[in-house]
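In what follows, a structure is listed as structure tokens, so that the remarks can point back to it.
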Amino acid sequence: MILTPVPMARIFLVTLAGDLPRATEVLGHAGIVQLVPVADLGPWAQSLTWPEAEALAAQYDSLQRRVGAILRALTLRSTPPAQPVEIEPHRAAALADQRLAQVEAQVREIEQRERALDEEAHRLAVAAQQLQLLARLRVNLEELRQLEFLYFAAALVPEENLERLRGSLAGLPHALVPAARRDKAYLVFAFTKRELAGPLEQALQSAYAQHAELAPDLSGTPAQALRQVQAREMALLQERGRLEQARGALAARWRAEVERIAWLVAVNGAAVEAWRHLGQTEHTRLTAGWLPASALPEVEATLSEALAGRFVLRVSPPPPAAPSDESTRLQPPTQLRNPAPARPFEALVTTYGQPNYHELDPTLFAALLFVLMFGIMFGDVGQGAVLAAAGWLLTREVGLRGNRTFGWILLAAGASAMVFGALYGTAFLTEGLLRALWFEPLSNPTYFIQVAVIFGIAVITLGLALNMANALRARDRVRFIADRRGLIGLWFFWGAAYAAYTLISGRPLGTVASLLLVGVPVVLMALLEPFLGFLRGKRWPGFLVIVQSSVETFDTAVRYISNTVSFVRLAAFAIAHEGIGIMVFILAGLVSGVGGAAIVVVGNILVIGLEGLVVFIQALRLEYYEFFTKFFRADGTPFRPFRLPG
């Protein structure tokens with residue numbers, strides 16, 4: 001049944017300690033068992049935890065980081081070997097540690113030299129910038145640094161602080177020479193008596209000056225020093241080229257070995273990570289997990305062949321569904337099984353939450369309703385065709401990769417917009433090019449609003465029906481009957497809808513009919529659930545419990561009304577779409593020739609982009625808040641089986 005997840009079975013596999021690597025290979029290559037931590041099985045399993053597996057996992061975490069660093073440094077990648085890797089964590093870890101240490105020493109030597117070259121290149125670049133500013137000066141740098149009686153400082157002073165610096169130095173014997181200007185700052189030379197170095201430095205600090213070291217290891221004039229710097233920079237480039245050659249030679253020498261070790265660490269690391277979930281005794285290992293019930297015979301047969309019958313496999317069905325206000329750690333994972341056309345829409349469902357194993361999968365309903373609501377709000381043959389074409393290109397990964405799922409959704413939404421565009425007689429914001437097969441939204445707004453409200457009533461009714469179906473699947477008769485989204489809630493919702501219809505049509509119901517359709521279900525929703533909760537083991541409902549239930553019932557009634565009214569936006573956006581079209585063509589009519597045509601084209605592009613996005617969001621909002629909230633608990637966990645790399 002496609003509306004329900006894949007049936008799961010819970011397994012308990014006991015193997016001998018020596019057979020665990022082979023059993024891990026079987027389960028890992030099958031890729032159909034989701035492991036359950038032994039600690040989650042209950043208090044009886046707490047003594048079975050396996051500390052050695054935790055220590056091994058930490059060791060492999062370190063190895064994987066080291067392997068990753070080497071692969072990045074040598075621009076290598078991990079590739080599967082010709083022969084499958086055996087699971088031998090202890091031996092593999094020792095071998096990997098030994099081999100990696102040899103490679104790391106050589107890689108580290110190259111990286112240290114590269115860092116030294118980078119630091120030297122940065123220092124030379126700074127020195128070159130400073131010397132270029134002083135290139136015209138005929139000053140010997142070494143003499144400036146070795147003044148006997150004067151203190152000398154070179155600093156970059158912000159342009160706006162130069163006068164402040166002069167004012168700070170006004171009472172101090174000094175010489176201040178602006179040597180060059182760069183980026184709204186002056187490179188200045190400041191001289192004073194050596195014993196007055198402190199006050200000079202304070203003045204520079206108050207002007208927010210930055211010291212500029214004038215190439216302490218260079219001599220001669222700035223022009224001569226600049227030529228020395230440029231010569232060193234050329235030498236650094238040659239040295240970097242030699243290091244690149246050394247790195248390439250190192251990669252060629254160690255490629256096969258490093259890639260083999262990387263794969264060895266990846267496979268054994270995945271196995272050890274899985275072992276963290278297992279339990280252990282002195283001679284055995286316990287594996288617990290979930291797998292699709294249909295795959296059980298295949299797994300059992302493969303284990304029998306691999307382990308020669310040296311294992312015990314116990315299978316149990318999933319536990320029953322927990323009540324709506326409870327959860328269980330042993331809830332089965334959920335593997336959806338939708339037909340291919342509906343699978344892209346699983347993304348819309350899982351964005352809201354993962355379906356619970358015991359509830360119906362809403363993907364088919366979500367897909368149908370989303371496509372319908374998008375088309376209703378964005379009915380336009382031409383613009384829908386553009387969206388459909390864009391979706392088709394995304395499914396073929398033309399221009400953008402990794403967006404195939406969204407492409408299929410966009411393709412379906414665009415096709416729906418085309419269908420409703422034909423029903424409305426609208427193409428590229430233009431009415432009259434096509435004959436409306438149903439009606440024109442702008443000409444029949446009242447009728448459209450009525451249709452939208454009826455559609456909303458149908459959607460909410462479907463949500464309540466799905467909630468009752470989930471209750472029956474869980475054998476929760478109380479939820480089926482007394483839940484505010486159950487049978488009594490449906491009674492109230494339909495009663496209130498019919499009462500509103502008769503009131504609007506001028507034929508209001510009598511008192512008795514109003515009480516039966518609206519009053520009785522409201523009272524039952526307020527009182528029945530607390531008392532049935534008492535029958536399920538909760539305490540006797542006191543006055544405060546009744547008051548709380550009454551407030552919640554009032555909130556539910558208001559939500560039913562507001563949820564129904566929310567569907568009016570289906571008509572509102574469709575009418576607004578045509579209204580925008582009229583505005584675009586009015587503006588185009590004010591401009592003759594090519595300008596008018598350009599306004600029409602730009603208007604269509606803006607509507608496709610902006611209004612298309614808004615309608616997409618509104619369709620999701622209606623689906624999430626008006627539909628999903630009626631039945632979808634979304635507290636499941638996705639099925640993620642254990643797989644070994646390869």
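Starting from 1 in every chain, residues are counted up; chains themselves are A, B, ... following the order of the structure tokens, and ligands are numbered from 1 as listed.
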* Select from stretch 144-306 of chain A everything DSSP, run on the backbone, classes as strand (DSSP E or B), then give the selection as a PyMOL selection string. => chain A and resi 150-158+174-182+185-193+210-211+279-280+284-292
* Asked: Which neighbours of A:Leu13 fall inside 8 Å, counting only C-alpha atoms, when residues of the same chain fewer than 5 positions from it are skipped, and could you give them as a ChimeraX atom specification?
  -> /A:286-288,311-314
For N, CA and C atoms, I'd like the residues from the last selection saved as a compact mmCIF listing (two decimals), in the first residue's frame.
# COMPACT_ATOMS: atom_id res chain seq x y z
N LEU A 286 26.31 -8.47 20.04
CA LEU A 286 24.89 -8.32 19.79
C LEU A 286 24.66 -7.13 18.86
N THR A 287 23.98 -7.38 17.75
CA THR A 287 23.61 -6.34 16.79
C THR A 287 22.10 -6.23 16.77
N ALA A 288 21.57 -5.02 16.96
CA ALA A 288 20.13 -4.78 16.89
C ALA A 288 19.86 -3.75 15.82
N PHE A 311 25.44 -18.20 14.13
CA PHE A 311 24.78 -16.97 14.58
C PHE A 311 23.37 -17.31 15.02
N VAL A 312 22.81 -16.39 15.77
CA VAL A 312 21.41 -16.49 16.20
C VAL A 312 20.70 -15.22 15.75
N LEU A 313 19.62 -15.38 14.99
CA LEU A 313 18.87 -14.24 14.49
C LEU A 313 17.45 -14.31 15.02
N ARG A 314 17.06 -13.31 15.78
CA ARG A 314 15.70 -13.22 16.30
C ARG A 314 15.00 -12.05 15.64
* To do: For A:Ala415, please output as a PyMOL selection string all residues within 12 Å (counting only C-alpha atoms; exclusion window: fewer than 3 positions along the same chain).
  => chain A and resi 371-372+374-376+378-392+408-412+418-422
Got time to write the residues from that selection, C-alpha atoms, as an mmCIF file, in the first residue's frame?
data_model
loop_
_atom_site.group_PDB
_atom_site.id
_atom_site.type_symbol
_atom_site.label_atom_id
_atom_site.label_comp_id
_atom_site.auth_asym_id
_atom_site.auth_seq_id
_atom_site.Cartn_x
_atom_site.Cartn_y
_atom_site.Cartn_z
ATOM 1 C CA VAL A 371 -0.016 21.356 -7.793
ATOM 2 C CA LEU A 372 -3.734 22.177 -7.766
ATOM 3 C CA PHE A 374 -0.432 26.584 -7.412
ATOM 4 C CA GLY A 375 -2.345 26.286 -10.649
ATOM 5 C CA ILE A 376 -5.470 27.879 -9.204
ATOM 6 C CA PHE A 378 -1.202 31.236 -10.975
ATOM 7 C CA GLY A 379 -3.437 30.262 -13.868
ATOM 8 C CA ASP A 380 -1.737 31.450 -17.040
ATOM 9 C CA VAL A 381 -1.051 29.355 -20.131
ATOM 10 C CA GLY A 382 1.994 31.311 -21.294
ATOM 11 C CA GLN A 383 3.668 31.906 -17.951
ATOM 12 C CA GLY A 384 2.886 28.355 -16.867
ATOM 13 C CA ALA A 385 4.647 27.123 -20.007
ATOM 14 C CA VAL A 386 7.718 29.190 -19.086
ATOM 15 C CA LEU A 387 7.784 27.661 -15.582
ATOM 16 C CA ALA A 388 7.278 24.173 -16.992
ATOM 17 C CA ALA A 389 10.127 24.706 -19.461
ATOM 18 C CA ALA A 390 12.388 25.974 -16.665
ATOM 19 C CA GLY A 391 11.491 22.922 -14.587
ATOM 20 C CA TRP A 392 12.244 20.599 -17.488
ATOM 21 C CA TRP A 408 10.128 18.144 -11.312
ATOM 22 C CA ILE A 409 8.069 20.139 -8.808
ATOM 23 C CA LEU A 410 8.385 23.269 -10.935
ATOM 24 C CA LEU A 411 7.479 21.315 -14.077
ATOM 25 C CA ALA A 412 4.293 19.979 -12.457
ATOM 26 C CA MET A 418 -1.210 26.062 -17.952
ATOM 27 C CA VAL A 419 -4.349 23.985 -17.325
ATOM 28 C CA PHE A 420 -5.963 26.624 -15.134
ATOM 29 C CA GLY A 421 -4.813 29.336 -17.529
ATOM 30 C CA ALA A 422 -6.830 27.585 -20.219
#
* What's the 6 Å shell around stretch 290-294 of chain A, counting only C-alpha atoms, without same-chain residues fewer than 2 positions away, as a PyMOL selection string? -> chain A and resi 7-10+32-34+296
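If you look at atom CA of A:Pro341 and atom CA of A:Arg569, they are 27.6 Å away from each other.
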* Quick one: everything within 8 Å of stretch 576-587 of chain A, counting only C-alpha atoms, minus sequence neighbours fewer than 4 positions away in the same chain. Send it as a list in words. => Met377, Phe378, Leu429, Thr430, Pro441, Leu442, Ala572, Val591, Gly596, Ile599, Val600 and Gly603 of chain A
Any chance you can output those residues with N, CA and C atoms as an mmCIF file, in the first residue's frame?
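Saved to again_9.cif:
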data_model
loop_
_atom_site.group_PDB
_atom_site.id
_atom_site.type_symbol
_atom_site.label_atom_id
_atom_site.label_comp_id
_atom_site.auth_asym_id
_atom_site.auth_seq_id
_atom_site.Cartn_x
_atom_site.Cartn_y
_atom_site.Cartn_z
ATOM 1 N N MET A 377 -3.968 29.559 -8.259
ATOM 2 C CA MET A 377 -3.527 30.927 -7.972
ATOM 3 C C MET A 377 -2.719 31.546 -9.106
ATOM 4 N N PHE A 378 -2.118 30.715 -9.953
ATOM 5 C CA PHE A 378 -1.202 31.236 -10.975
ATOM 6 C C PHE A 378 -1.637 30.769 -12.361
ATOM 7 N N LEU A 429 -0.635 37.158 -19.154
ATOM 8 C CA LEU A 429 -1.374 38.262 -18.536
ATOM 9 C C LEU A 429 -2.468 38.836 -19.446
ATOM 10 N N THR A 430 -2.739 38.194 -20.575
ATOM 11 C CA THR A 430 -3.679 38.734 -21.552
ATOM 12 C C THR A 430 -4.968 37.921 -21.553
ATOM 13 N N PRO A 441 -11.687 34.897 -13.794
ATOM 14 C CA PRO A 441 -11.682 35.229 -12.354
ATOM 15 C C PRO A 441 -12.080 36.666 -12.055
ATOM 16 N N LEU A 442 -11.588 37.629 -12.831
ATOM 17 C CA LEU A 442 -11.868 39.026 -12.525
ATOM 18 C C LEU A 442 -13.324 39.383 -12.773
ATOM 19 N N ALA A 572 -8.071 35.140 -4.256
ATOM 20 C CA ALA A 572 -7.461 36.468 -4.196
ATOM 21 C C ALA A 572 -6.222 36.556 -5.088
ATOM 22 N N VAL A 591 2.943 53.981 -23.599
ATOM 23 C CA VAL A 591 4.203 54.102 -24.339
ATOM 24 C C VAL A 591 4.020 53.411 -25.680
ATOM 25 N N GLY A 596 6.431 50.057 -25.412
ATOM 26 C CA GLY A 596 5.264 49.358 -24.891
ATOM 27 C C GLY A 596 5.468 47.857 -24.868
ATOM 28 N N ILE A 599 7.674 46.932 -21.997
ATOM 29 C CA ILE A 599 6.970 46.922 -20.705
ATOM 30 C C ILE A 599 6.203 45.619 -20.526
ATOM 31 N N VAL A 600 5.576 45.132 -21.594
ATOM 32 C CA VAL A 600 4.832 43.868 -21.508
ATOM 33 C C VAL A 600 5.783 42.713 -21.189
ATOM 34 N N GLY A 603 7.126 43.130 -17.636
ATOM 35 C CA GLY A 603 6.043 42.837 -16.695
ATOM 36 C C GLY A 603 5.825 41.355 -16.538
#
* To do: Might you pull out every residue within 12 Å of A:Arg166, with only C-alpha atoms counted and same-chain residues fewer than 3 positions away left off, and present them as an NGL selection string?
  => :A and (157 or 159-163 or 169-178 or 188 or 190 or 200 or 203-204 or 206-207)
Expected file contents, prior selection, C-alpha atoms, as an mmCIF file, in the first residue's frame:
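Result written to part-v4.cif:
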data_model
loop_
_atom_site.group_PDB
_atom_site.id
_atom_site.type_symbol
_atom_site.label_atom_id
_atom_site.label_comp_id
_atom_site.auth_asym_id
_atom_site.auth_seq_id
_atom_site.Cartn_x
_atom_site.Cartn_y
_atom_site.Cartn_z
ATOM 1 C CA VAL A 157 49.827 58.963 10.096
ATOM 2 C CA GLU A 159 45.827 62.537 6.897
ATOM 3 C CA GLU A 160 43.292 64.103 9.277
ATOM 4 C CA ASN A 161 45.623 63.534 12.286
ATOM 5 C CA LEU A 162 48.767 65.123 10.853
ATOM 6 C CA GLU A 163 48.019 68.547 12.349
ATOM 7 C CA LEU A 169 55.101 67.935 19.217
ATOM 8 C CA ALA A 170 54.951 71.746 19.419
ATOM 9 C CA GLY A 171 56.815 72.011 22.752
ATOM 10 C CA LEU A 172 59.283 69.251 21.928
ATOM 11 C CA PRO A 173 62.592 69.710 20.048
ATOM 12 C CA HIS A 174 61.889 67.685 16.908
ATOM 13 C CA ALA A 175 61.888 67.476 13.145
ATOM 14 C CA LEU A 176 58.859 66.072 11.326
ATOM 15 C CA VAL A 177 59.333 65.248 7.652
ATOM 16 C CA PRO A 178 56.341 64.010 5.580
ATOM 17 C CA VAL A 188 56.476 60.650 8.127
ATOM 18 C CA ALA A 190 60.193 62.025 13.060
ATOM 19 C CA LEU A 200 57.666 61.347 20.746
ATOM 20 C CA ALA A 203 52.576 61.870 20.389
ATOM 21 C CA LEU A 204 52.590 59.314 17.571
ATOM 22 C CA SER A 206 47.793 59.950 20.155
ATOM 23 C CA ALA A 207 47.704 60.568 16.389
#
* Got a sec: who's within 9 Å of A:Ala73, counting only C-alpha atoms, leaving out chain neighbours fewer than 2 positions off, as a PyMOL selection string? -> chain A and resi 68-71+75-76+107+111+247+251
Residues from last step as file, N, CA and C atoms, as a JSON list (two decimals), in the first residue's frame:
[["chain", "number", "residue", "atom", "x", "y", "z"],
["A", 68, "GLY", "N", 42.81, 12.73, 5.41],
["A", 68, "GLY", "CA", 42.24, 13.86, 4.68],
["A", 68, "GLY", "C", 43.24, 14.97, 4.46],
["A", 69, "ALA", "N", 44.06, 15.25, 5.48],
["A", 69, "ALA", "CA", 45.07, 16.30, 5.35],
["A", 69, "ALA", "C", 46.10, 15.94, 4.28],
["A", 70, "ILE", "N", 46.51, 14.69, 4.23],
["A", 70, "ILE", "CA", 47.50, 14.27, 3.23],
["A", 70, "ILE", "C", 46.89, 14.31, 1.83],
["A", 71, "LEU", "N", 45.65, 13.84, 1.68],
["A", 71, "LEU", "CA", 45.00, 13.86, 0.37],
["A", 71, "LEU", "C", 44.89, 15.29, -0.15],
["A", 75, "THR", "N", 46.83, 16.72, -3.28],
["A", 75, "THR", "CA", 45.75, 16.76, -4.30],
["A", 75, "THR", "C", 45.45, 15.36, -4.84],
["A", 76, "LEU", "N", 45.27, 14.42, -3.93],
["A", 76, "LEU", "CA", 44.89, 13.05, -4.29],
["A", 76, "LEU", "C", 43.46, 12.82, -3.85],
["A", 107, "VAL", "N", 55.56, 15.50, 3.88],
["A", 107, "VAL", "CA", 54.60, 16.57, 3.57],
["A", 107, "VAL", "C", 54.82, 17.75, 4.51],
["A", 111, "GLU", "N", 55.45, 21.68, 3.62],
["A", 111, "GLU", "CA", 54.52, 22.71, 4.08],
["A", 111, "GLU", "C", 55.21, 23.74, 4.96],
["A", 247, "ARG", "N", 56.55, 18.57, -4.40],
["A", 247, "ARG", "CA", 55.23, 18.10, -4.00],
["A", 247, "ARG", "C", 54.67, 17.11, -5.05],
["A", 251, "ALA", "N", 53.72, 13.25, -4.49],
["A", 251, "ALA", "CA", 52.40, 12.69, -4.80],
["A", 251, "ALA", "C", 52.51, 11.49, -5.71]]
* To do: Just the helix (DSSP H, G or I) stuff from stretch 330-567 of chain A, please, per backbone DSSP, written as a PyMOL selection string.
  => chain A and resi 340-352+363-377+381-395+404-424+441-443+445-473+477-482+487-504+511-535+543-566
Within 8 Å of stretch 624-642 of chain A, which residues of stretch 299-364 of chain A come that close, and what is the closest atom pair and distance in Å for each? Count only C-alpha atoms and give it as a Markdown table.
| residue | atom | partner | partner_atom | distance |
| --- | --- | --- | --- | --- |
| A:Gln331 | CA | A:Gly636 | CA | 7.9 |
| A:Pro332 | CA | A:Thr637 | CA | 7.7 |
| A:Pro333 | CA | A:Phe639 | CA | 4.9 |
| A:Thr334 | CA | A:Pro638 | CA | 5.0 |
| A:Gln335 | CA | A:Phe639 | CA | 5.2 |
| A:Tyr352 | CA | A:Tyr624 | CA | 7.2 |
| A:Gly353 | CA | A:Ala634 | CA | 4.5 |
| A:Gln354 | CA | A:Ala634 | CA | 4.9 |
| A:Pro355 | CA | A:Ala634 | CA | 4.7 |
| A:Asn356 | CA | A:Gly636 | CA | 3.9 |
| A:Tyr357 | CA | A:Gly636 | CA | 6.3 |
| A:Glu359 | CA | A:Phe632 | CA | 7.8 |
| A:Pro362 | CA | A:Phe632 | CA | 7.9 |
Output of the above residues as a PDB file, in the first residue's frame, restricted to N, CA and C atoms:
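And here is the file that came out, again-v6.pdb:
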ATOM      1  N   GLN A 331      10.694   3.310  18.149  1.00  0.00           N
ATOM      2  CA  GLN A 331       9.831   3.475  16.991  1.00  0.00           C
ATOM      3  C   GLN A 331      10.598   3.118  15.731  1.00  0.00           C
ATOM      4  N   PRO A 332      10.007   2.353  14.828  1.00  0.00           N
ATOM      5  CA  PRO A 332      10.724   1.972  13.603  1.00  0.00           C
ATOM      6  C   PRO A 332      11.020   3.189  12.738  1.00  0.00           C
ATOM      7  N   PRO A 333      12.107   3.134  11.981  1.00  0.00           N
ATOM      8  CA  PRO A 333      12.361   4.215  11.018  1.00  0.00           C
ATOM      9  C   PRO A 333      11.381   4.125   9.859  1.00  0.00           C
ATOM     10  N   THR A 334      11.277   5.200   9.122  1.00  0.00           N
ATOM     11  CA  THR A 334      10.313   5.285   8.027  1.00  0.00           C
ATOM     12  C   THR A 334      11.027   5.291   6.689  1.00  0.00           C
ATOM     13  N   GLN A 335      10.680   4.331   5.839  1.00  0.00           N
ATOM     14  CA  GLN A 335      11.143   4.316   4.459  1.00  0.00           C
ATOM     15  C   GLN A 335       9.922   4.473   3.563  1.00  0.00           C
ATOM     16  N   TYR A 352       8.666  19.625   6.164  1.00  0.00           N
ATOM     17  CA  TYR A 352       7.784  19.833   7.323  1.00  0.00           C
ATOM     18  C   TYR A 352       8.141  18.855   8.444  1.00  0.00           C
ATOM     19  N   GLY A 353       8.418  17.610   8.098  1.00  0.00           N
ATOM     20  CA  GLY A 353       8.762  16.597   9.087  1.00  0.00           C
ATOM     21  C   GLY A 353       8.681  15.213   8.468  1.00  0.00           C
ATOM     22  N   GLN A 354       9.354  14.261   9.092  1.00  0.00           N
ATOM     23  CA  GLN A 354       9.360  12.890   8.592  1.00  0.00           C
ATOM     24  C   GLN A 354       8.106  12.161   9.054  1.00  0.00           C
ATOM     25  N   PRO A 355       7.399  11.490   8.138  1.00  0.00           N
ATOM     26  CA  PRO A 355       6.212  10.729   8.569  1.00  0.00           C
ATOM     27  C   PRO A 355       6.561   9.678   9.606  1.00  0.00           C
ATOM     28  N   ASN A 356       5.673   9.525  10.554  1.00  0.00           N
ATOM     29  CA  ASN A 356       5.796   8.471  11.553  1.00  0.00           C
ATOM     30  C   ASN A 356       5.527   7.119  10.896  1.00  0.00           C
ATOM     31  N   TYR A 357       6.215   6.081  11.392  1.00  0.00           N
ATOM     32  CA  TYR A 357       6.034   4.740  10.812  1.00  0.00           C
ATOM     33  C   TYR A 357       4.583   4.289  10.879  1.00  0.00           C
ATOM     34  N   GLU A 359       1.827   6.193  10.801  1.00  0.00           N
ATOM     35  CA  GLU A 359       0.827   7.059  10.184  1.00  0.00           C
ATOM     36  C   GLU A 359       0.935   6.992   8.670  1.00  0.00           C
ATOM     37  N   PRO A 362       1.687  11.243   3.645  1.00  0.00           N
ATOM     38  CA  PRO A 362       0.839  12.216   2.940  1.00  0.00           C
ATOM     39  C   PRO A 362       1.401  12.697   1.606  1.00  0.00           C
TER      40      PRO A 362
END
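Reported to one decimal place, the separation of atom CA of A:Val265 from atom CA of A:Arg108 is 20.8 Å.
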